[in-house]
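A.B. asks: This one is coords.cif, mmCIF, C-alpha atoms.
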```cif
data_protein
#
loop_
_atom_site.label_atom_id
_atom_site.label_comp_id
_atom_site.auth_asym_id
_atom_site.auth_seq_id
_atom_site.Cartn_x
_atom_site.Cartn_y
_atom_site.Cartn_z
CA MET A 665 41.15 65.37 140.24
CA LYS A 666 40.73 67.33 143.45
CA TYR A 667 42.89 70.43 142.90
CA CYS A 668 43.39 72.83 140.00
CA SER A 669 46.70 72.02 138.33
CA LEU A 670 47.19 75.72 137.45
CA CYS A 671 46.38 77.53 140.72
CA GLY A 672 46.13 74.78 143.38
CA SER A 673 42.56 75.63 144.46
CA GLU A 674 39.97 72.91 145.00
CA VAL A 675 37.97 72.07 141.87
CA ARG A 676 34.29 71.18 141.62
CA VAL A 677 32.45 68.95 139.17
CA GLY A 678 29.91 70.78 137.03
CA VAL A 679 28.69 71.47 133.50
CA PRO A 680 30.40 74.63 132.16
CA GLU A 681 28.29 77.25 130.38
CA GLY A 682 27.78 76.28 126.74
CA ASP A 683 28.85 72.69 127.42
CA ASN A 684 26.73 69.57 127.98
CA ARG A 685 29.10 67.39 130.01
CA GLU A 686 30.45 67.39 133.54
CA ARG A 687 34.02 68.69 133.82
CA TYR A 688 36.36 69.65 136.62
CA ILE A 689 35.96 73.41 137.06
CA CYS A 690 38.19 75.78 139.01
CA ASP A 691 36.12 78.76 140.17
CA HIS A 692 39.23 80.52 141.48
CA CYS A 693 41.08 80.86 138.13
CA SER A 694 38.09 80.03 135.86
CA THR A 695 39.78 77.06 134.24
CA VAL A 696 37.84 74.09 132.87
CA HIS A 697 39.89 70.88 132.96
CA TYR A 698 39.11 68.43 130.17
CA ASN A 699 39.86 64.74 130.23
CA ASN A 700 40.03 62.95 126.89
CA PRO A 701 40.73 59.46 125.55
CA LYS A 702 44.31 58.35 124.98
CA VAL A 703 45.83 56.75 121.89
CA VAL A 704 47.74 53.49 122.33
CA ALA A 705 50.12 53.06 119.38
CA GLY A 706 51.51 49.64 118.58
CA CYS A 707 53.02 47.41 115.95
CA ILE A 708 52.44 43.99 114.45
CA ALA A 709 56.10 43.51 113.54
CA HIS A 710 56.40 40.73 110.99
CA TRP A 711 59.15 38.58 109.52
CA GLU A 712 58.13 35.99 106.91
CA ASP A 713 55.06 34.26 108.40
CA LYS A 714 55.88 35.28 111.97
CA VAL A 715 55.05 38.22 114.23
CA LEU A 716 57.02 39.62 117.15
CA MET A 717 55.46 38.87 120.54
CA CYS A 718 56.55 40.21 123.94
CA ARG A 719 55.87 38.60 127.32
CA ARG A 720 54.98 41.37 129.75
CA ALA A 721 57.35 42.04 132.67
CA ILE A 722 54.94 44.56 134.20
CA GLU A 723 51.34 44.84 135.33
CA PRO A 724 48.67 44.75 134.09
CA ARG A 725 48.74 41.18 132.72
CA GLN A 726 52.33 40.49 133.80
CA GLY A 727 53.60 37.24 132.27
CA LEU A 728 51.11 37.30 129.38
CA TRP A 729 51.91 37.94 125.72
CA THR A 730 51.29 41.05 123.65
CA VAL A 731 52.52 43.00 120.65
CA PRO A 732 54.66 46.09 121.32
CA ALA A 733 52.26 48.95 122.15
CA GLY A 734 51.95 51.84 124.56
CA PHE A 735 50.62 55.34 125.08
CA MET A 736 51.40 57.73 122.26
CA GLU A 737 53.57 60.64 123.44
CA ASN A 738 53.28 64.36 122.74
CA GLY A 739 55.36 65.50 119.77
CA GLU A 740 55.19 62.26 117.82
CA THR A 741 52.96 60.82 115.09
CA THR A 742 50.88 57.67 115.59
CA TYR A 743 53.30 55.50 113.58
CA GLU A 744 56.33 57.04 115.28
CA GLY A 745 54.74 55.91 118.55
CA ALA A 746 54.43 52.38 117.14
CA VAL A 747 58.08 52.38 116.05
CA ARG A 748 59.24 53.72 119.43
CA GLU A 749 57.26 51.14 121.41
CA THR A 750 58.71 48.34 119.27
CA LEU A 751 62.20 49.62 119.99
CA GLU A 752 61.54 50.10 123.72
CA GLU A 753 59.77 46.81 124.40
CA ALA A 754 61.62 44.51 122.02
CA ASN A 755 64.80 46.38 120.99
CA ALA A 756 63.56 45.81 117.45
CA ARG A 757 63.64 48.07 114.40
CA VAL A 758 60.72 48.16 111.96
CA ALA A 759 59.75 49.94 108.75
CA VAL A 760 56.05 50.74 109.08
CA ASP A 761 53.88 49.38 106.25
CA ASP A 762 50.50 50.88 107.08
CA LEU A 763 47.81 51.33 109.70
CA PHE A 764 46.15 47.94 110.16
CA VAL A 765 43.51 48.18 112.88
CA THR A 766 41.96 50.87 115.05
CA VAL A 767 40.23 49.54 118.16
CA ASN A 768 37.80 51.68 120.14
CA LEU A 769 37.73 50.83 123.87
CA PRO A 770 35.18 53.34 125.19
CA HIS A 771 34.92 51.76 128.67
CA ILE A 772 38.58 52.60 129.36
CA ASN A 773 38.81 55.76 127.20
CA GLN A 774 41.41 54.34 124.84
CA VAL A 775 41.88 54.08 121.08
CA TYR A 776 44.40 51.47 119.92
CA MET A 777 46.08 52.14 116.58
CA LEU A 778 48.07 49.10 115.49
CA PHE A 779 50.33 49.31 112.45
CA ARG A 780 51.87 46.55 110.37
CA GLY A 781 55.67 46.90 110.37
CA ARG A 782 58.40 44.95 108.63
CA LEU A 783 61.23 43.88 110.93
CA LEU A 784 64.50 45.22 109.55
CA ASP A 785 66.70 42.57 111.17
CA LEU A 786 66.52 39.74 113.69
CA ASP A 787 68.57 41.49 116.34
CA PHE A 788 65.83 41.86 118.99
CA SER A 789 65.77 41.24 122.74
CA PRO A 790 63.55 41.99 125.75
CA GLY A 791 63.31 45.65 126.74
CA ASP A 792 62.74 46.74 130.35
CA GLU A 793 59.02 46.00 130.18
CA SER A 794 59.38 42.54 128.60
CA LEU A 795 60.44 39.15 130.00
CA GLU A 796 60.83 37.45 126.61
CA VAL A 797 60.53 38.44 122.97
CA GLU A 798 59.82 35.82 120.31
CA LEU A 799 58.90 35.56 116.65
CA MET A 800 55.79 33.38 116.39
CA THR A 801 53.75 31.87 113.58
CA GLU A 802 49.96 31.77 113.95
CA LYS A 803 50.24 28.28 115.46
CA ASP A 804 52.93 29.36 117.94
CA ILE A 805 50.80 32.13 119.49
CA PRO A 806 49.73 31.12 123.01
CA TRP A 807 46.14 32.24 122.34
CA ASN A 808 44.94 31.60 125.89
CA ARG A 809 47.82 33.61 127.32
CA VAL A 810 47.46 36.79 125.25
CA ALA A 811 47.39 39.86 127.52
CA PHE A 812 44.55 41.89 125.99
CA PRO A 813 41.45 41.10 123.85
CA THR A 814 42.56 43.93 121.51
CA VAL A 815 45.73 41.99 120.72
CA THR A 816 43.87 38.69 120.25
CA GLU A 817 41.41 40.25 117.80
CA ALA A 818 44.11 42.18 115.92
CA LEU A 819 46.26 39.05 115.50
CA LYS A 820 43.27 36.97 114.32
CA LEU A 821 42.56 39.60 111.65
CA TYR A 822 46.24 39.88 110.76
CA PHE A 823 46.69 36.15 110.13
CA ALA A 824 43.37 35.96 108.25
CA ASP A 825 44.39 38.83 105.96
CA SER A 826 47.89 37.40 105.62
CA ALA A 827 46.43 34.06 104.47
CA ARG A 828 44.34 35.74 101.75
CA GLY A 829 47.35 37.88 100.73
CA LYS A 830 45.64 41.24 101.14
CA PHE A 831 45.47 43.56 104.15
CA SER A 832 42.46 45.79 104.75
CA VAL A 833 42.38 48.70 107.17
CA ARG A 834 40.02 47.69 109.97
CA MET A 835 38.12 49.22 112.83
CA LEU A 836 36.76 47.32 115.82
CA ASP A 837 34.94 48.16 119.03
CA ILE A 838 35.75 46.07 122.08
CA VAL A 839 33.22 46.78 124.81
CA ARG A 840 33.07 45.38 128.31
CA GLU A 841 29.85 43.35 128.63
CA GLY A 842 27.57 44.35 131.48
CA GLY A 843 30.46 46.20 133.10
CA VAL A 844 32.08 42.86 134.00
CA PRO A 845 35.90 42.82 133.77
CA GLY A 846 37.08 39.98 131.56
CA ARG A 847 33.81 39.75 129.57
CA TYR A 848 33.91 41.56 126.25
CA SER A 849 31.97 41.80 123.05
CA VAL A 850 33.70 42.58 119.77
CA ARG A 851 32.02 44.63 117.02
CA ASN A 852 33.54 44.73 113.55
CA ILE A 853 32.94 48.27 112.32
CA SER A 854 34.89 48.03 109.05
CA MET B 952 50.86 72.42 135.34
CA LYS B 953 52.04 73.89 138.64
CA TYR B 954 50.14 71.91 141.27
CA CYS B 955 49.35 68.21 141.73
CA SER B 956 45.72 67.63 140.78
CA LEU B 957 45.44 64.87 143.40
CA CYS B 958 47.01 66.42 146.52
CA GLY B 959 47.48 70.12 145.67
CA SER B 960 51.26 70.18 146.32
CA GLU B 961 53.62 71.91 143.90
CA VAL B 962 54.92 69.63 141.13
CA ARG B 963 58.37 69.61 139.61
CA VAL B 964 59.52 68.69 136.10
CA GLY B 965 61.79 65.65 135.95
CA VAL B 966 62.38 62.27 134.38
CA PRO B 967 60.78 59.53 136.54
CA GLU B 968 62.76 56.39 137.34
CA GLY B 969 62.50 53.91 134.46
CA ASP B 970 61.22 56.62 132.10
CA ASN B 971 63.08 58.63 129.46
CA ARG B 972 60.95 61.77 129.19
CA GLU B 973 60.27 64.76 131.38
CA ARG B 974 56.96 64.63 133.25
CA TYR B 975 55.30 66.60 136.01
CA ILE B 976 56.12 64.77 139.23
CA CYS B 977 54.54 65.23 142.66
CA ASP B 978 57.07 64.29 145.34
CA HIS B 979 54.43 64.65 148.06
CA CYS B 980 52.05 61.91 146.86
CA SER B 981 54.48 60.24 144.39
CA THR B 982 52.22 60.78 141.38
CA VAL B 983 53.58 61.14 137.85
CA HIS B 984 51.28 63.25 135.67
CA TYR B 985 51.27 62.27 131.99
CA ASN B 986 50.19 64.50 129.13
CA ASN B 987 49.22 62.78 125.88
CA PRO B 988 47.95 63.74 122.42
CA LYS B 989 44.24 64.24 121.86
CA VAL B 990 42.03 62.76 119.15
CA VAL B 991 39.92 65.14 117.05
CA ALA B 992 37.00 63.20 115.54
CA GLY B 993 35.16 64.60 112.55
CA CYS B 994 33.00 63.84 109.57
CA ILE B 995 32.95 64.49 105.86
CA ALA B 996 29.16 64.37 105.65
CA HIS B 997 28.10 63.87 102.04
CA TRP B 998 24.92 64.13 99.99
CA GLU B 999 25.20 63.35 96.26
CA ASP B 1000 28.32 65.25 95.07
CA LYS B 1001 28.27 67.69 98.01
CA VAL B 1002 29.79 67.80 101.49
CA LEU B 1003 28.55 69.59 104.57
CA MET B 1004 30.61 72.65 105.51
CA CYS B 1005 30.31 74.79 108.65
CA ARG B 1006 31.43 78.40 109.03
CA ARG B 1007 33.01 78.75 112.46
CA ALA B 1008 31.31 80.99 115.03
CA ILE B 1009 34.20 80.59 117.49
CA GLU B 1010 37.95 81.02 117.67
CA PRO B 1011 40.32 79.80 116.41
CA ARG B 1012 39.66 80.70 112.77
CA GLN B 1013 36.28 82.31 113.44
CA GLY B 1014 34.44 83.02 110.17
CA LEU B 1015 36.34 80.36 108.21
CA TRP B 1016 34.94 77.08 106.89
CA THR B 1017 35.48 73.56 108.21
CA VAL B 1018 33.90 70.14 108.40
CA PRO B 1019 32.25 69.16 111.70
CA ALA B 1020 35.02 67.98 114.07
CA GLY B 1021 36.05 68.30 117.68
CA PHE B 1022 37.80 66.64 120.59
CA MET B 1023 36.75 63.05 121.18
CA GLU B 1024 35.14 62.59 124.60
CA ASN B 1025 35.64 59.90 127.21
CA GLY B 1026 33.18 57.02 126.93
CA GLU B 1027 32.66 57.24 123.18
CA THR B 1028 34.20 55.59 120.11
CA THR B 1029 36.01 57.57 117.42
CA TYR B 1030 33.07 57.38 114.98
CA GLU B 1031 30.56 58.20 117.74
CA GLY B 1032 32.62 61.37 118.28
CA ALA B 1033 32.32 62.16 114.57
CA VAL B 1034 28.54 61.64 114.64
CA ARG B 1035 28.17 63.75 117.79
CA GLU B 1036 30.22 66.64 116.36
CA THR B 1037 28.13 66.60 113.18
CA LEU B 1038 24.98 66.81 115.26
CA GLU B 1039 26.35 69.54 117.56
CA GLU B 1040 27.89 71.78 114.90
CA ALA B 1041 25.42 71.30 112.05
CA ASN B 1042 22.31 69.70 113.64
CA ALA B 1043 22.81 67.01 111.01
CA ARG B 1044 22.39 63.24 111.24
CA VAL B 1045 24.80 60.91 109.45
CA ALA B 1046 25.34 57.18 109.01
CA VAL B 1047 29.09 56.64 109.16
CA ASP B 1048 30.56 54.86 106.11
CA ASP B 1049 34.16 54.37 107.18
CA LEU B 1050 37.32 56.00 108.46
CA PHE B 1051 38.71 58.13 105.63
CA VAL B 1052 41.81 59.95 106.80
CA THR B 1053 43.98 60.07 109.91
CA VAL B 1054 46.11 63.22 110.18
CA ASN B 1055 49.07 63.40 112.56
CA LEU B 1056 49.74 66.91 113.87
CA PRO B 1057 52.71 66.34 116.18
CA HIS B 1058 53.45 70.06 116.71
CA ILE B 1059 50.08 70.50 118.46
CA ASN B 1060 49.77 66.98 119.93
CA GLN B 1061 46.66 66.09 117.95
CA VAL B 1062 45.48 63.20 115.78
CA TYR B 1063 42.56 63.96 113.48
CA MET B 1064 40.36 61.01 112.53
CA LEU B 1065 37.92 62.03 109.81
CA PHE B 1066 35.16 59.64 108.75
CA ARG B 1067 33.00 59.64 105.65
CA GLY B 1068 29.34 59.81 106.63
CA ARG B 1069 26.15 59.75 104.59
CA LEU B 1070 23.69 62.52 105.48
CA LEU B 1071 20.38 60.94 106.43
CA ASP B 1072 18.26 63.98 105.54
CA LEU B 1073 18.62 67.64 104.54
CA ASP B 1074 17.26 69.02 107.80
CA PHE B 1075 20.48 70.71 109.00
CA SER B 1076 21.17 74.13 110.53
CA PRO B 1077 23.96 75.96 112.37
CA GLY B 1078 24.74 74.67 115.89
CA ASP B 1079 26.06 76.98 118.63
CA GLU B 1080 29.61 76.88 117.23
CA SER B 1081 28.63 77.57 113.60
CA LEU B 1082 27.51 80.73 111.78
CA GLU B 1083 26.35 78.96 108.61
CA VAL B 1084 26.06 75.39 107.39
CA GLU B 1085 26.02 74.62 103.69
CA LEU B 1086 26.20 71.66 101.32
CA MET B 1087 29.00 72.37 98.82
CA THR B 1088 30.33 70.73 95.68
CA GLU B 1089 34.08 70.71 95.09
CA LYS B 1090 33.75 73.93 93.10
CA ASP B 1091 31.69 75.63 95.83
CA ILE B 1092 34.32 75.12 98.55
CA PRO B 1093 35.92 78.48 99.44
CA TRP B 1094 39.42 76.95 99.32
CA ASN B 1095 41.18 80.09 100.51
CA ARG B 1096 38.83 80.43 103.47
CA VAL B 1097 39.11 76.90 104.89
CA ALA B 1098 39.90 77.04 108.62
CA PHE B 1099 42.58 74.34 108.93
CA PRO B 1100 45.13 72.72 106.57
CA THR B 1101 43.89 69.34 107.83
CA VAL B 1102 40.47 70.08 106.38
CA THR B 1103 41.88 71.39 103.08
CA GLU B 1104 43.99 68.25 102.58
CA ALA B 1105 41.18 65.88 103.63
CA LEU B 1106 38.71 67.52 101.24
CA LYS B 1107 41.20 67.43 98.34
CA LEU B 1108 41.67 63.68 98.93
CA TYR B 1109 37.93 63.17 99.35
CA PHE B 1110 37.01 64.78 96.04
CA ALA B 1111 39.89 63.02 94.23
CA ASP B 1112 38.75 59.62 95.55
CA SER B 1113 35.13 60.50 94.84
CA ALA B 1114 36.02 61.28 91.21
CA ARG B 1115 37.73 57.92 90.72
CA GLY B 1116 34.81 56.17 92.49
CA LYS B 1117 36.89 54.44 95.16
CA PHE B 1118 37.83 55.59 98.65
CA SER B 1119 41.10 54.53 100.26
CA VAL B 1120 41.91 54.87 103.94
CA ARG B 1121 44.63 57.50 104.19
CA MET B 1122 47.18 58.81 106.65
CA LEU B 1123 48.87 62.20 106.46
CA ASP B 1124 51.31 64.18 108.54
CA ILE B 1125 50.88 67.93 108.63
CA VAL B 1126 53.92 69.53 110.22
CA ARG B 1127 54.59 73.17 110.94
CA GLU B 1128 57.57 74.25 108.86
CA GLY B 1129 60.43 75.80 110.79
CA GLY B 1130 58.09 76.38 113.71
CA VAL B 1131 56.35 79.15 111.75
CA PRO B 1132 52.57 79.38 112.31
CA GLY B 1133 50.71 79.27 109.00
CA ARG B 1134 53.54 77.46 107.13
CA TYR B 1135 53.00 73.72 106.85
CA SER B 1136 54.33 70.77 104.96
CA VAL B 1137 52.12 67.80 104.13
CA ARG B 1138 53.46 64.24 104.00
CA ASN B 1139 51.33 61.47 102.51
CA ILE B 1140 52.05 58.41 104.65
CA SER B 1141 49.51 56.06 103.05
#
```
Please rewrite the model in this file as structure tokens.
C.D. replies:
Amino acid sequence: MKYCSLCGSEVRVGVPEGDNRERYICDHCSTVHYNNPKVVAGCIAHWEDKVLMCRRAIEPRQGLWTVPAGFMENGETTYEGAVRETLEEANARVAVDDLFVTVNLPHINQVYMLFRGRLLDLDFSPGDESLEVELMTEKDIPWNRVAFPTVTEALKLYFADSARGKFSVRMLDIVREGGVPGRYSVRNIS
Amino acid sequence: MKYCSLCGSEVRVGVPEGDNRERYICDHCSTVHYNNPKVVAGCIAHWEDKVLMCRRAIEPRQGLWTVPAGFMENGETTYEGAVRETLEEANARVAVDDLFVTVNLPHINQVYMLFRGRLLDLDFSPGDESLEVELMTEKDIPWNRVAFPTVTEALKLYFADSARGKFSVRMLDIVREGGVPGRYSVRNIS
């Protein structure tokens, strides 16, 4: 941020009075601009012992596999975001079961909220952001070609819970190790 | 938003190519500016059969009672936000137990994530944003002077679960009815 989005003046970085963090401050119109983490809403869409996987048509991680997920939009709930992303990326309709896993990604200011959702029919196909969409069992998942560690960890937990016949609501942290892209540590919070 | 925060040019409202929602678009530097919901992280900080309540020193709802909660910051996890808010608003230290309730508030583009947290000691006091801080049993809570419906609903669920000796992870929607401030409907999602 270089300019105030309200008045167009140049902003400076500073700690506002009564605050303890650096923000972008506009001295011209006295606006403090806050920047906060974003929610990524997504869905583990299941059918029998399979889950719906999408191969990404776009960067980042083009060509790799993920579950339908994307930035939550204003005016919707978390699970509505998950339903919408499943429709947009896989042209698939789901009935949401429940929140399954929340993943904190503090190094990129994101919180993933992945829901379990029951596929309502098998009439799915790639959306604009997907190259392929497939139903996969645990053994079908191309584990070394999954797009994001969040998705790998969520699917591992999903299939483990599925095998024991009981789903718990989980929380994980995935933190970049030593600031190195591609190296992560996973903390199970609950 | 009137001006591009990157280049200072005037923005226009339009639907970007490949998108299906209106965004602020800068034609000068070709930037699309997204606006997404914010996470409010908070804590039901408990000690025996009591929870920690703060009387708000600031607007909105100055003088009314709430649990410690506030906007999640970049670089932190959801539960770190809850711990930080508890420290800032009540000078109180907690060990987080678990996520308790997620509340979708689509009419104000917020997602509340309230954690249960065990108070580590009784050395608490009002922070800058609080007038008073008190430990309250269910009967002590001034139910008609609670600041936000989110907090009322979360506390009702908390004391109900506490009475049956088992906490479930919950999700609620709180939606403004007919667009009228002060009139809400509550939907229990899980």
A.B. asks: Compute the chain A side of the contact with chain B at 6 Å, counting all atoms listed in the file, and hand it back as an mmCIF file with C-alpha atoms, keeping the file's coordinate frame.
C.D. replies:
```cif
data_model
loop_
_atom_site.group_PDB
_atom_site.id
_atom_site.type_symbol
_atom_site.label_atom_id
_atom_site.label_comp_id
_atom_site.auth_asym_id
_atom_site.auth_seq_id
_atom_site.Cartn_x
_atom_site.Cartn_y
_atom_site.Cartn_z
ATOM 1 C CA MET A 665 41.150 65.370 140.240
ATOM 2 C CA LYS A 666 40.730 67.330 143.450
ATOM 3 C CA TYR A 667 42.890 70.430 142.900
ATOM 4 C CA CYS A 668 43.390 72.830 140.000
ATOM 5 C CA SER A 669 46.700 72.020 138.330
ATOM 6 C CA LEU A 670 47.190 75.720 137.450
ATOM 7 C CA GLY A 672 46.130 74.780 143.380
ATOM 8 C CA ASN A 700 40.030 62.950 126.890
ATOM 9 C CA PRO A 701 40.730 59.460 125.550
ATOM 10 C CA GLU A 737 53.570 60.640 123.440
ATOM 11 C CA ASN A 738 53.280 64.360 122.740
ATOM 12 C CA GLY A 739 55.360 65.500 119.770
ATOM 13 C CA GLU A 740 55.190 62.260 117.820
ATOM 14 C CA THR A 741 52.960 60.820 115.090
ATOM 15 C CA ASN A 768 37.800 51.680 120.140
ATOM 16 C CA PRO A 770 35.180 53.340 125.190
ATOM 17 C CA HIS A 771 34.920 51.760 128.670
ATOM 18 C CA ASN A 773 38.810 55.760 127.200
#
```
A.B. asks: Could you check the closest approach to Lys1107 of chain B for each of B:Ile976, B:Ala1020, B:Ala1041, B:Val1002 and tell me which residue wins, using all atoms listed in the file?
C.D. replies: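 For Lys1107 of chain B, the nearest of the given residues is B:Val1002.
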A.B. asks: Output the residue selection produced by the PyMOL selection byres ((chain A and resi 716-725) around 6) on the file above, formatted as a CSV table (one decimal) with C-alpha atoms, in the frame of the given file.
C.D. replies:
```csv
chain,number,residue,atom,x,y,z
A,709,ALA,CA,56.1,43.5,113.5
A,715,VAL,CA,55.0,38.2,114.2
A,726,GLN,CA,52.3,40.5,133.8
A,727,GLY,CA,53.6,37.2,132.3
A,728,LEU,CA,51.1,37.3,129.4
A,729,TRP,CA,51.9,37.9,125.7
A,730,THR,CA,51.3,41.0,123.6
A,731,VAL,CA,52.5,43.0,120.6
A,793,GLU,CA,59.0,46.0,130.2
A,794,SER,CA,59.4,42.5,128.6
A,795,LEU,CA,60.4,39.2,130.0
A,796,GLU,CA,60.8,37.4,126.6
A,797,VAL,CA,60.5,38.4,123.0
A,798,GLU,CA,59.8,35.8,120.3
A,799,LEU,CA,58.9,35.6,116.6
A,811,ALA,CA,47.4,39.9,127.5
```
A.B. asks: Any idea what the distance is between atom CA of Thr1101 of chain B and atom CA of Asp1074 of chain B?
C.D. replies: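 Atom-to-atom, atom CA of Thr1101 of chain B and atom CA of Asp1074 of chain B are spaced 26.6 Å apart.
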A.B. asks: For the atom pair atom CA of Leu821 of chain A and atom CA of Ile805 of chain A, what is the interatomic distance in Å to one decimal place?
C.D. replies: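 So the answer is 13.6 Å.
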A.B. asks: Near Phe1118 of chain B, within 8 Å and counting only C-alpha atoms, which residues show up once chain neighbours fewer than 2 positions away are dropped, as a ChimeraX atom specification?
C.D. replies: /B:1051,1109,1112-1113,1116,1120
A.B. asks: Extract, using only C-alpha atoms, all DNA, RNA and protein residues at most 7 Å from Pro1019 of chain B, discarding same-chain residues fewer than 2 positions from it, and format them as a PyMOL selection string.
C.D. replies: chain B and resi 993-994+1005+1017+1036-1037+1040
A.B. asks: Edge lengths and centre, in Å to one decimal, as lines of an AutoDock Vina configuration file: that's what I need for the box along x, y and z that holds all listed atoms of segment 840-853 of chain A plus 6 Å on each side.
C.D. replies:
```
center_x = 32.3
center_y = 44.0
center_z = 123.2
size_x = 21.5
size_y = 20.5
size_z = 33.7
```
A.B. asks: Pick out the closest residue to Glu817 of chain A from this set: A:Asp713, A:Tyr848, A:Asp691, A:Val696. Count all atoms listed in the file.
C.D. replies: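 Among A:Asp713, A:Tyr848, A:Asp691, A:Val696, it is A:Tyr848 that comes nearest to Glu817 of chain A.
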A.B. asks: Could you tell me how far atom CA of Val679 of chain A sits from atom CA of His692 of chain A, in Å to one decimal place?
C.D. replies: 16.0 Å
A.B. asks: For Arg1069 of chain B, list every protein, DNA or RNA residue within 6 Å, evaluated using only C-alpha atoms, and leave out those in the same chain fewer than 3 positions away; present the list as a ChimeraX atom specification.
C.D. replies: /B:996-997,1045-1046
A.B. asks: Spell out the residues picked by the PyMOL selection byres ((chain A and resi 677) around 7) here, as a VMD selection string.
C.D. replies: chain A and resid 675 to 676 678 686 to 689
A.B. asks: Give the answer as one residue: which of A:Lys714, A:Ser849, A:Gly843, A:Cys690 has the shortest atom-to-atom distance to Leu786 of chain A, using only C-alpha atoms?
C.D. replies: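 Nearest candidate to Leu786 of chain A out of A:Lys714, A:Ser849, A:Gly843, A:Cys690: A:Lys714.
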